[in-house]
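Dropping data.txt in here (compact mmCIF, C-alpha atoms):
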# COMPACT_ATOMS: atom_id res chain seq x y z
CA MET A 26 -49.87 207.12 -4.52
CA ALA A 27 -50.41 210.84 -4.14
CA THR A 28 -50.22 211.30 -7.91
CA GLY A 29 -52.73 208.49 -8.47
CA SER A 30 -55.05 209.95 -5.87
CA ALA A 31 -54.85 213.38 -7.47
CA THR A 32 -55.56 211.88 -10.89
CA ALA A 33 -58.58 209.98 -9.58
CA HIS A 34 -59.78 213.12 -7.82
CA GLY A 35 -59.43 215.09 -11.06
CA ARG A 36 -61.39 212.47 -12.98
CA GLY A 37 -64.09 212.52 -10.36
CA GLN A 38 -64.40 216.28 -10.63
CA ALA A 39 -64.56 216.07 -14.43
CA ARG A 40 -67.26 213.39 -14.26
CA ARG A 41 -69.31 215.47 -11.81
CA ALA A 42 -68.97 218.45 -14.13
CA ALA A 43 -70.16 216.32 -17.04
CA ASN A 44 -73.21 215.27 -14.99
CA SER A 45 -73.90 218.78 -13.71
CA LYS A 46 -77.16 220.67 -14.02
CA ALA A 47 -75.48 223.05 -16.46
CA VAL A 48 -74.64 220.26 -18.90
CA ALA A 49 -78.14 218.81 -18.50
CA ALA A 50 -79.65 222.23 -19.26
CA ALA A 51 -77.39 222.54 -22.32
CA ALA A 52 -78.57 219.15 -23.57
CA ARG A 53 -82.23 220.06 -23.13
CA ALA A 54 -81.70 223.36 -24.96
CA GLY A 55 -80.07 221.39 -27.76
CA PHE A 56 -83.12 219.14 -28.08
CA VAL A 57 -85.35 222.21 -28.30
CA ALA A 58 -83.15 223.62 -31.09
CA ARG A 59 -83.13 220.30 -32.97
CA GLY A 60 -86.91 220.23 -32.70
CA VAL A 61 -87.21 223.72 -34.17
CA ILE A 62 -85.09 222.76 -37.18
CA TYR A 63 -87.01 219.56 -37.92
CA VAL A 64 -90.41 221.20 -37.51
CA LEU A 65 -89.38 223.92 -39.97
CA ILE A 66 -88.00 221.35 -42.43
CA GLY A 67 -91.31 219.50 -42.22
CA VAL A 68 -93.29 222.68 -42.87
CA LEU A 69 -91.08 223.60 -45.83
CA ALA A 70 -91.47 220.08 -47.25
CA LEU A 71 -95.25 220.36 -46.93
CA ARG A 72 -95.14 223.56 -48.95
CA ILE A 73 -93.21 221.71 -51.66
CA ALA A 74 -95.72 218.85 -51.63
CA PHE A 75 -98.71 221.09 -52.20
CA SER A 76 -97.20 223.86 -54.31
CA GLY A 77 -94.47 222.05 -56.24
CA GLY A 78 -91.94 224.80 -55.47
CA GLY A 79 -91.01 226.66 -52.36
CA LYS A 80 -87.81 227.11 -50.41
CA GLN A 81 -85.30 224.33 -49.89
CA ALA A 82 -86.49 221.83 -47.30
CA ASP A 83 -83.29 221.26 -45.35
CA ARG A 84 -81.31 222.81 -42.53
CA GLY A 85 -80.26 225.72 -44.73
CA GLY A 86 -83.87 226.43 -45.64
CA ALA A 87 -84.89 226.30 -41.99
CA ILE A 88 -82.14 228.73 -41.02
CA ALA A 89 -83.07 231.13 -43.83
CA GLU A 90 -86.73 230.93 -42.73
CA ILE A 91 -85.80 231.90 -39.16
CA ALA A 92 -83.57 234.73 -40.39
CA GLN A 93 -86.54 236.37 -42.12
CA LYS A 94 -88.62 236.55 -38.94
CA PRO A 95 -88.67 239.50 -36.54
CA PHE A 96 -85.55 239.32 -34.36
CA GLY A 97 -84.38 236.53 -36.68
CA THR A 98 -80.70 237.15 -36.06
CA VAL A 99 -81.21 236.99 -32.29
CA LEU A 100 -83.13 233.73 -32.71
CA LEU A 101 -80.30 232.28 -34.80
CA TRP A 102 -77.75 233.17 -32.11
CA LEU A 103 -79.94 231.42 -29.54
CA LEU A 104 -80.38 228.42 -31.84
CA GLY A 105 -76.65 228.15 -32.50
CA ALA A 106 -75.84 228.43 -28.79
CA ALA A 107 -78.40 225.72 -27.96
CA LEU A 108 -76.88 223.41 -30.58
CA ALA A 109 -73.46 224.09 -29.07
CA GLY A 110 -74.95 222.95 -25.77
CA MET A 111 -76.01 219.70 -27.45
CA ALA A 112 -72.44 219.28 -28.72
CA VAL A 113 -71.01 219.81 -25.22
CA TRP A 114 -73.39 217.21 -23.79
CA ARG A 115 -72.41 214.68 -26.47
CA LEU A 116 -68.75 215.38 -25.72
CA SER A 117 -69.36 214.63 -22.05
CA GLU A 118 -71.02 211.34 -23.06
CA ALA A 119 -68.02 210.46 -25.22
CA ALA A 120 -65.63 211.21 -22.37
CA PHE A 121 -67.55 209.72 -19.44
CA GLY A 122 -70.31 207.55 -20.89
CA GLN A 123 -74.05 207.94 -21.32
CA ALA A 124 -76.77 207.68 -18.71
CA GLY A 125 -77.88 204.09 -18.13
CA PRO A 126 -76.32 200.73 -17.23
CA ASP A 127 -74.52 200.21 -20.55
CA GLY A 128 -73.66 203.85 -21.21
CA GLU A 129 -69.89 203.36 -20.87
CA LYS A 130 -69.61 200.84 -23.71
CA PRO A 131 -66.94 201.87 -26.26
CA GLY A 132 -69.45 201.75 -29.12
CA LYS A 133 -71.85 204.16 -27.43
CA ARG A 134 -69.03 206.52 -26.52
CA ALA A 135 -67.78 206.46 -30.12
CA MET A 136 -71.27 207.31 -31.37
CA ALA A 137 -71.44 210.16 -28.88
CA ALA A 138 -68.12 211.45 -30.22
CA GLY A 139 -69.51 211.38 -33.76
CA ARG A 140 -72.59 213.27 -32.65
CA PHE A 141 -70.38 215.82 -30.90
CA VAL A 142 -68.59 216.50 -34.20
CA PHE A 143 -71.91 216.72 -36.07
CA TYR A 144 -73.62 219.10 -33.66
CA GLY A 145 -70.44 221.13 -33.31
CA PHE A 146 -70.43 221.63 -37.09
CA VAL A 147 -74.15 222.47 -37.20
CA SER A 148 -73.76 224.93 -34.35
CA TYR A 149 -70.81 226.60 -36.07
CA SER A 150 -72.72 226.91 -39.35
CA VAL A 151 -75.76 228.48 -37.65
CA LEU A 152 -73.64 230.91 -35.65
CA SER A 153 -71.63 231.83 -38.77
CA TYR A 154 -74.87 232.58 -40.61
CA ALA A 155 -76.05 234.73 -37.70
CA ALA A 156 -72.73 236.57 -37.81
CA GLY A 157 -73.26 237.46 -41.47
CA ASP A 158 -71.78 234.55 -43.44
CA LYS A 159 -74.89 233.77 -45.49
CA GLY A 160 -73.10 231.04 -47.42
CA SER A 161 -72.53 229.01 -44.28
CA GLY A 162 -75.55 227.47 -42.55
CA GLY A 163 -77.96 228.65 -45.23
CA GLY A 164 -76.25 226.84 -48.08
CA SER A 165 -78.01 224.22 -50.17
CA SER A 166 -77.56 220.67 -48.89
CA ASP A 167 -77.96 219.41 -52.47
CA LYS A 168 -75.09 221.50 -53.83
CA ASN A 169 -72.90 220.66 -50.85
CA SER A 170 -73.56 216.94 -51.29
CA GLN A 171 -72.74 217.06 -54.98
CA ASP A 172 -69.59 219.14 -54.45
CA VAL A 173 -68.29 216.80 -51.74
CA THR A 174 -69.15 213.76 -53.87
CA ALA A 175 -67.39 215.21 -56.92
CA LYS A 176 -64.21 215.85 -54.91
CA ALA A 177 -64.31 212.41 -53.34
CA LEU A 178 -64.80 210.68 -56.70
CA ASP A 179 -61.58 212.32 -57.95
CA TRP A 180 -59.57 210.73 -55.15
CA PRO A 181 -57.78 207.39 -55.63
CA GLY A 182 -60.41 204.79 -54.83
CA GLY A 183 -63.00 207.55 -54.77
CA GLN A 184 -65.84 205.36 -55.98
CA TRP A 185 -65.25 202.96 -53.11
CA ILE A 186 -65.10 205.81 -50.60
CA VAL A 187 -68.36 207.35 -51.80
CA GLY A 188 -69.99 203.94 -52.05
CA ILE A 189 -69.00 202.96 -48.51
CA ALA A 190 -70.19 206.35 -47.22
CA GLY A 191 -73.50 205.81 -49.01
CA VAL A 192 -73.89 202.36 -47.49
CA ALA A 193 -73.12 203.81 -44.05
CA VAL A 194 -75.76 206.55 -44.43
CA ALA A 195 -78.34 204.08 -45.78
CA ALA A 196 -77.60 201.65 -42.94
CA ALA A 197 -77.90 204.49 -40.43
CA GLY A 198 -81.29 205.33 -41.91
CA VAL A 199 -82.51 201.76 -41.57
CA TRP A 200 -81.13 201.66 -38.01
CA ILE A 201 -82.94 204.89 -37.10
CA ALA A 202 -86.23 203.65 -38.55
CA VAL A 203 -86.00 200.22 -36.88
CA ARG A 204 -85.13 201.75 -33.51
CA GLY A 205 -88.14 204.02 -33.87
CA VAL A 206 -90.49 201.14 -34.65
CA MET A 207 -89.09 199.10 -31.75
CA ARG A 208 -89.43 202.10 -29.41
CA LYS A 209 -85.81 201.88 -28.34
CA PHE A 210 -86.01 205.55 -27.41
CA GLU A 211 -88.12 204.70 -24.37
CA LYS A 212 -85.10 203.58 -22.36
CA HIS A 213 -83.64 207.08 -22.69
CA LEU A 214 -86.79 208.80 -21.43
CA LYS A 215 -88.28 209.18 -17.97
CA MET A 216 -91.40 207.24 -18.92
CA SER A 217 -92.45 206.83 -15.28
CA GLU A 218 -92.92 210.60 -15.01
CA MET A 219 -95.45 210.65 -17.86
CA SER A 220 -99.16 210.00 -17.62
CA GLN A 221 -100.51 207.09 -19.67
CA LYS A 222 -101.95 209.49 -22.24
CA THR A 223 -98.67 211.40 -22.51
CA ARG A 224 -96.76 208.14 -23.04
CA LYS A 225 -98.98 207.21 -25.94
CA VAL A 226 -98.52 210.63 -27.53
CA VAL A 227 -94.74 210.57 -27.08
CA ASP A 228 -94.58 207.01 -28.43
CA PHE A 229 -96.56 208.04 -31.50
CA PHE A 230 -94.28 210.98 -32.29
CA GLY A 231 -91.17 208.88 -31.57
CA VAL A 232 -92.20 206.00 -33.83
CA PHE A 233 -93.65 208.10 -36.65
CA GLY A 234 -90.86 210.67 -36.52
CA GLY A 235 -88.12 208.05 -36.30
CA MET A 236 -89.50 206.15 -39.27
CA ALA A 237 -89.74 209.28 -41.43
CA ARG A 238 -86.24 210.44 -40.50
CA GLY A 239 -84.83 206.97 -41.12
CA ILE A 240 -86.48 206.73 -44.55
CA VAL A 241 -84.99 210.07 -45.59
CA PHE A 242 -81.49 209.02 -44.47
CA ALA A 243 -81.76 205.61 -46.15
CA THR A 244 -82.95 207.18 -49.41
CA ALA A 245 -80.14 209.75 -49.39
CA GLY A 246 -77.66 206.93 -48.81
CA GLY A 247 -79.09 205.09 -51.80
CA PHE A 248 -78.50 208.13 -54.02
CA ALA A 249 -74.87 208.31 -52.81
CA ILE A 250 -74.42 204.65 -53.73
CA ALA A 251 -75.84 205.36 -57.19
CA ALA A 252 -73.42 208.29 -57.59
CA ALA A 253 -70.52 205.99 -56.74
CA VAL A 254 -71.58 203.13 -59.04
CA GLN A 255 -72.28 205.43 -61.98
CA HIS A 256 -69.41 207.83 -61.17
CA LYS A 257 -71.84 210.75 -61.45
CA PRO A 258 -71.70 213.33 -58.62
CA GLY A 259 -75.07 214.70 -59.77
CA LYS A 260 -76.74 211.52 -58.58
CA ALA A 261 -75.95 212.44 -54.95
CA LYS A 262 -78.73 214.35 -53.24
CA GLY A 263 -79.00 216.41 -50.09
CA MET A 264 -82.11 216.45 -47.91
CA ASP A 265 -84.02 218.90 -50.13
CA ASP A 266 -83.64 216.90 -53.37
CA THR A 267 -84.18 213.65 -51.50
CA LEU A 268 -87.50 214.94 -50.17
CA ARG A 269 -88.55 216.23 -53.59
CA THR A 270 -87.91 212.75 -55.00
CA PHE A 271 -90.75 211.35 -52.90
CA ALA A 272 -93.16 213.63 -54.79
CA GLY A 273 -92.06 211.94 -58.03
CA THR A 274 -93.18 208.48 -56.93
CA PRO A 275 -96.50 206.92 -58.02
CA ALA A 276 -97.94 208.11 -54.70
CA GLY A 277 -97.28 211.65 -55.86
CA PRO A 278 -97.08 214.56 -53.44
CA TRP A 279 -98.98 212.60 -50.79
CA LEU A 280 -95.92 210.49 -49.97
CA LEU A 281 -93.82 213.64 -49.58
CA ALA A 282 -96.57 215.14 -47.40
CA LEU A 283 -96.53 212.03 -45.20
CA ILE A 284 -92.74 212.19 -44.83
CA ALA A 285 -92.97 215.92 -44.13
CA VAL A 286 -95.49 215.37 -41.34
CA GLY A 287 -93.20 212.63 -40.01
CA LEU A 288 -90.24 215.01 -39.87
CA THR A 289 -92.42 217.53 -38.06
CA ALA A 290 -93.36 214.74 -35.65
CA PHE A 291 -89.69 214.08 -35.03
CA GLY A 292 -89.27 217.75 -34.19
CA VAL A 293 -92.06 217.51 -31.63
CA PHE A 294 -90.48 214.31 -30.30
CA SER A 295 -87.23 216.26 -29.84
CA TRP A 296 -89.15 218.71 -27.65
CA ALA A 297 -90.41 215.76 -25.60
CA ASN A 298 -86.76 214.74 -25.19
CA ALA A 299 -86.02 218.21 -23.88
CA ARG A 300 -88.53 217.56 -21.12
CA TRP A 301 -88.08 213.88 -20.28
CA ARG A 302 -84.66 212.78 -21.57
CA LYS A 303 -82.34 211.15 -19.03
CA VAL A 304 -79.23 213.35 -19.06
Output the file's structure in the form of C-alpha cells.
Amino acid sequence: MATGSATAHGRGQARRAANSKAVAAAARAGFVARGVIYVLIGVLALRIAFSGGGKQADRGGAIAEIAQKPFGTVLLWLLGAALAGMAVWRLSEAAFGQAGPDGEKPGKRAMAAGRFVFYGFVSYSVLSYAAGDKGSGGGSSDKNSQDVTAKALDWPGGQWIVGIAGVAVAAAGVWIAVRGVMRKFEKHLKMSEMSQKTRKVVDFFGVFGGMARGIVFATAGGFAIAAAVQHKPGKAKGMDDTLRTFAGTPAGPWLLALIAVGLTAFGVFSWANARWRKV
C-alpha cells in the first residue's frame, strides 16, 4: 500500500510539473519561435514569387536570414531554446495528456510524442547552427529530402517505404487544411478571452494559414509518391522546391505569392497561440 501510495504521489507531482507555469511559458515561447520561422519562410517565398530567385524558402533559409541580422547568433540561441520549450511541452502532453476533455486519448498522446521528436530535432538543428555548425539547421530541405529518399529507395522494399511516407505526408497536409477550414483550432484557444473583432482576425489567420500550410504538405507528399513510383529520388522535393513549383503553374507567381502570404498568416496565427492557447 505504501509503495502504491508513493507511486501515485510521484505521478501526481510529475503531472503538476507538466502543468506548471514554467511548462506553459515554454510552450508559449515555442509558439513565438514557430511564428518567426513561418513568417520568414513566407517573406522568402514572396521574394521568389516576384524576383524568380532569392534564398531558399524553408527553415534553413529562415535560419540563415536570422543569422545575418545584428545579434543574429544570440537570436538563434533564443530561437533554439524556445523551440526546445515547445518540445518539452509536447513531451508533457505525451506523458500526461493534452488540455481538454479528450486530451488523454492514446491517439492524441501519440501525436504529441511525434511532435516532441520533431520540435526536438528542429531545436537541435537551430542550436547547432548557432554553435557554428552551418551545415545543420541551415541546410537545404530539397537536398536533404532527395538524399533521404535516395537512401530509402536502396533499402529492401524502399519504394513501398517512400510511397507510404509520401501518402502519410500528403494525408497530413489534407488533414491540416481541413482542420483549418473547419476551425478545429478554436477548441484549443481561449476564445472567450478575445473580443469579437479579435476572434474574427484570429479565425482568418487560422483558416488561411492552415490551408496554405496544408497545401504545401500535401504537395510535398505528392512529390514523394512520384519519387517512389518512378524510383527517382530527384522527384522528391523539400519545402523550397515545393514552393517554387507553385510559380510554375498556369497561375504563375501569383499562386506562390498567395501560398507565401498564407504561410506568413500561419506564423501570425502561431503568435496568437502564444497568447491564447490552452496549455
Quick one: residues within 12 Å of (-86.4, 206.8, -37.7) (file frame), counting all atoms listed in the file, please, as a PDB file with C-alpha atoms, keeping the file's coordinate frame.
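Below is the file part-v8.pdb, written as the result:
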ATOM      1  CA  ALA A 195     -78.340 204.080 -45.780  1.00  0.00           C
ATOM      2  CA  ALA A 196     -77.600 201.650 -42.940  1.00  0.00           C
ATOM      3  CA  ALA A 197     -77.900 204.490 -40.430  1.00  0.00           C
ATOM      4  CA  GLY A 198     -81.290 205.330 -41.910  1.00  0.00           C
ATOM      5  CA  VAL A 199     -82.510 201.760 -41.570  1.00  0.00           C
ATOM      6  CA  TRP A 200     -81.130 201.660 -38.010  1.00  0.00           C
ATOM      7  CA  ILE A 201     -82.940 204.890 -37.100  1.00  0.00           C
ATOM      8  CA  ALA A 202     -86.230 203.650 -38.550  1.00  0.00           C
ATOM      9  CA  VAL A 203     -86.000 200.220 -36.880  1.00  0.00           C
ATOM     10  CA  ARG A 204     -85.130 201.750 -33.510  1.00  0.00           C
ATOM     11  CA  GLY A 205     -88.140 204.020 -33.870  1.00  0.00           C
ATOM     12  CA  VAL A 206     -90.490 201.140 -34.650  1.00  0.00           C
ATOM     13  CA  MET A 207     -89.090 199.100 -31.750  1.00  0.00           C
ATOM     14  CA  ARG A 208     -89.430 202.100 -29.410  1.00  0.00           C
ATOM     15  CA  LYS A 209     -85.810 201.880 -28.340  1.00  0.00           C
ATOM     16  CA  PHE A 210     -86.010 205.550 -27.410  1.00  0.00           C
ATOM     17  CA  PHE A 229     -96.560 208.040 -31.500  1.00  0.00           C
ATOM     18  CA  PHE A 230     -94.280 210.980 -32.290  1.00  0.00           C
ATOM     19  CA  GLY A 231     -91.170 208.880 -31.570  1.00  0.00           C
ATOM     20  CA  VAL A 232     -92.200 206.000 -33.830  1.00  0.00           C
ATOM     21  CA  PHE A 233     -93.650 208.100 -36.650  1.00  0.00           C
ATOM     22  CA  GLY A 234     -90.860 210.670 -36.520  1.00  0.00           C
ATOM     23  CA  GLY A 235     -88.120 208.050 -36.300  1.00  0.00           C
ATOM     24  CA  MET A 236     -89.500 206.150 -39.270  1.00  0.00           C
ATOM     25  CA  ALA A 237     -89.740 209.280 -41.430  1.00  0.00           C
ATOM     26  CA  ARG A 238     -86.240 210.440 -40.500  1.00  0.00           C
ATOM     27  CA  GLY A 239     -84.830 206.970 -41.120  1.00  0.00           C
ATOM     28  CA  ILE A 240     -86.480 206.730 -44.550  1.00  0.00           C
ATOM     29  CA  VAL A 241     -84.990 210.070 -45.590  1.00  0.00           C
ATOM     30  CA  PHE A 242     -81.490 209.020 -44.470  1.00  0.00           C
ATOM     31  CA  ALA A 243     -81.760 205.610 -46.150  1.00  0.00           C
ATOM     32  CA  ILE A 284     -92.740 212.190 -44.830  1.00  0.00           C
ATOM     33  CA  GLY A 287     -93.200 212.630 -40.010  1.00  0.00           C
ATOM     34  CA  LEU A 288     -90.240 215.010 -39.870  1.00  0.00           C
ATOM     35  CA  ALA A 290     -93.360 214.740 -35.650  1.00  0.00           C
ATOM     36  CA  PHE A 291     -89.690 214.080 -35.030  1.00  0.00           C
ATOM     37  CA  GLY A 292     -89.270 217.750 -34.190  1.00  0.00           C
ATOM     38  CA  PHE A 294     -90.480 214.310 -30.300  1.00  0.00           C
TER      39      PHE A 294
END
Which polymer residues have any atom within 7 Å of an atom of Val293 of chain A, counting all atoms listed in the file, with same-chain residues fewer than 4 positions away left out, as number ranges by chain? A: 60, 230, 289, 297
Can I get the selection written as an mmCIF file, in the coordinates of the input, with C-alpha atoms?
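Resulting contents of selection.cif:
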data_model
loop_
_atom_site.group_PDB
_atom_site.id
_atom_site.type_symbol
_atom_site.label_atom_id
_atom_site.label_comp_id
_atom_site.auth_asym_id
_atom_site.auth_seq_id
_atom_site.Cartn_x
_atom_site.Cartn_y
_atom_site.Cartn_z
ATOM 1 C CA GLY A 60 -86.910 220.230 -32.700
ATOM 2 C CA PHE A 230 -94.280 210.980 -32.290
ATOM 3 C CA THR A 289 -92.420 217.530 -38.060
ATOM 4 C CA ALA A 297 -90.410 215.760 -25.600
#
Could you tell me how far atom CA of Tyr63 of chain A sits from atom CA of Gly139 of chain A, in Å to one decimal place?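 Atom CA of Gly139 of chain A sits 19.8 Å away from atom CA of Tyr63 of chain A.
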Between atom CA of Gly122 of chain A and atom CA of Ala135 of chain A, what distance in Å does the model show, to one decimal?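 Distance reported for this atom pair: 9.6 Å.
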Identify, on the basis of all atoms listed in the file, every residue whose closest approach to Met264 of chain A does not exceed 12 Å; exclude the query and any residue fewer than 3 positions from it along the same chain; express the result as a ChimeraX atom specification. /A:63,66-67,69-70,81-87,164-171,238-246,248-249,261,267-271,284-285,288
Could you list, as a ChimeraX atom specification, every residue within 9 Å of Glu211 of chain A, counting only C-alpha atoms and ignoring same-chain residues fewer than 4 positions away? /A:215-216,228,231
I'd like the interatomic distance between atom CA of Tyr144 of chain A and atom CA of Ala251 of chain A, to a tenth of an Å. 27.3 Å
Rows by chain and residue number, segment 202-304 of chain A within 12 Å of segment 104-114 of chain A, shortest pair, all atoms listed in the file, as a Markdown table:
| residue | atom | partner | partner_atom | distance |
| --- | --- | --- | --- | --- |
| A:Ser295 | CA | A:Met111 | CA | 12.0 |
| A:Ala299 | CA | A:Met111 | CA | 10.7 |
| A:Lys303 | CA | A:Trp114 | CA | 11.8 |
| A:Val304 | CA | A:Trp114 | CA | 8.4 |
Using all atoms listed in the file, which residue out of A:Asp172, A:Val57, A:Gln93, A:Val48 lies closest to Ser117 of chain A? A:Val48
Top pick for closest residue to Ala175 of chain A, considering A:Ala253, A:Ile91, A:Ala49, A:Val142 and counting all atoms listed in the file: A:Ala253
Give me the residues within 9 Å of Ala74 of chain A as an mmCIF file with C-alpha atoms, keeping the file's coordinate frame, counting all atoms listed in the file and dropping any in the same chain fewer than 5 places off.
data_model
loop_
_atom_site.group_PDB
_atom_site.id
_atom_site.type_symbol
_atom_site.label_atom_id
_atom_site.label_comp_id
_atom_site.auth_asym_id
_atom_site.auth_seq_id
_atom_site.Cartn_x
_atom_site.Cartn_y
_atom_site.Cartn_z
ATOM 1 C CA LEU A 69 -91.080 223.600 -45.830
ATOM 2 C CA ARG A 269 -88.550 216.230 -53.590
ATOM 3 C CA ALA A 272 -93.160 213.630 -54.790
ATOM 4 C CA GLY A 277 -97.280 211.650 -55.860
ATOM 5 C CA PRO A 278 -97.080 214.560 -53.440
ATOM 6 C CA TRP A 279 -98.980 212.600 -50.790
ATOM 7 C CA LEU A 280 -95.920 210.490 -49.970
ATOM 8 C CA LEU A 281 -93.820 213.640 -49.580
ATOM 9 C CA ALA A 282 -96.570 215.140 -47.400
ATOM 10 C CA ALA A 285 -92.970 215.920 -44.130
#
Hey, which of A:Lys130, A:Trp296, A:Gly263, A:Lys94 ends up closest to Thr174 of chain A? Count only C-alpha atoms.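 Result for the nearest residue to Thr174 of chain A: A:Gly263.
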Find, counting only C-alpha atoms, the residue in A:Ala252, A:Ala190, A:Leu103, A:Val68 that gets nearest to Gly55 of chain A. A:Leu103
For Lys176 of chain A, please output as a count of residues only all residues within 12 Å (counting all atoms listed in the file; exclusion window: fewer than 2 positions along the same chain). 20
